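**Q** After the structure tokens below, expect a handful of questions from me.
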Amino acid sequence: MKKQLFIFLAAVFIVSSCGGKPNAVIPTPTPLPPFTSTPPPLLTSTPQAQPTEKPLPTVTPVCISRVPTQKDIDRALAYTGEVFSAPEWEQSYTVSENSVAVTWQNIAQGAVVYLEAIIFPCGYEEPDLNKYYSDENWKAIFANYESYESIAKCETSTGLRLYQFKTQNQGFEYRINYWVQNDTDTRVVSLMIVFPVEEQTLLGDYSARLFPDLPNCS
């Protein structure tokens, strides 16, 4: 039975294959952070200064380039170690304006793994991530699915987040684990595993190998 696997990264292309399992859909890359072009203004109170006092200097955040370096590419490619090194996992990657995206496809199992290493040039805090991984962002990420539903969300004391979803596309149902990790002060790594609903054992196995401290929210 021929099924189509739609992959939306920098462009759209179709991979068709014969097999007994449906193929998952790779999400569109997450949108650029809204504060990457210029740093946000600092919100500070205005004290009543004495006439003889010198005004305090204005502190401006130091921002870095949002263009990925070779170190960013190497980090993204090495992030999962040997977990997806088997021949059935086909790897590819793309470099965008502020991110590196790596994709692994397993046609036989109808599975996809999608990693995105995102650069926040001026840094980020937890409220920024809360806004970045919000309902509007999920709509963009799952734009290529017919439907999606959030089923769980959890977080470790170290800040590792896990969002769990169920989705449908072309009549097939999938389960998705989507982790977000604070990698550095200016880098965030997200990793999504998509398996058909009947392959939940494999989803659990790979999740435990990648994130033993947070393989699921249950």
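Residue numbers start at 1 in each chain; chains themselves are named A, B, ... in the order of the structure tokens; ligands are numbered from 1 in the order shown.
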When you look at segment 177-180 of chain A with a cut-off of 8 Å (counting only C-alpha atoms), what residues show up, excluding the ones that are within fewer than 6 positions of it in the same chain? I need them as a ChimeraX atom specification.

**A** /A:160-165,188-194,207,216

**Q** Could you tell me how far atom CA of Glu90 of chain A lies from atom CA of Tyr206 of chain A, in Å and to one decimal?

**A**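 Spanning atom CA of Glu90 of chain A to atom CA of Tyr206 of chain A is a straight-line distance of 15.8 Å.
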
**Q** Nearest to Trp104 of chain A: which of A:Gly204, A:Gly159, A:Gly123, A:Pro87 is it, counting only C-alpha atoms?

**A**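 The closest residue to Trp104 of chain A is A:Pro87.
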
**Q** Pick out the closest residue to Val62 of chain A from this set: A:Ser150, A:Thr186, A:Thr201, A:Asn98. Count only C-alpha atoms.

**A** A:Thr186

**Q** Which neighbours of Glu116 of chain A fall inside 12 Å, counting only C-alpha atoms, when residues of the same chain fewer than 2 positions from it are skipped, and could you give them as a count of residues only?

**A** 43
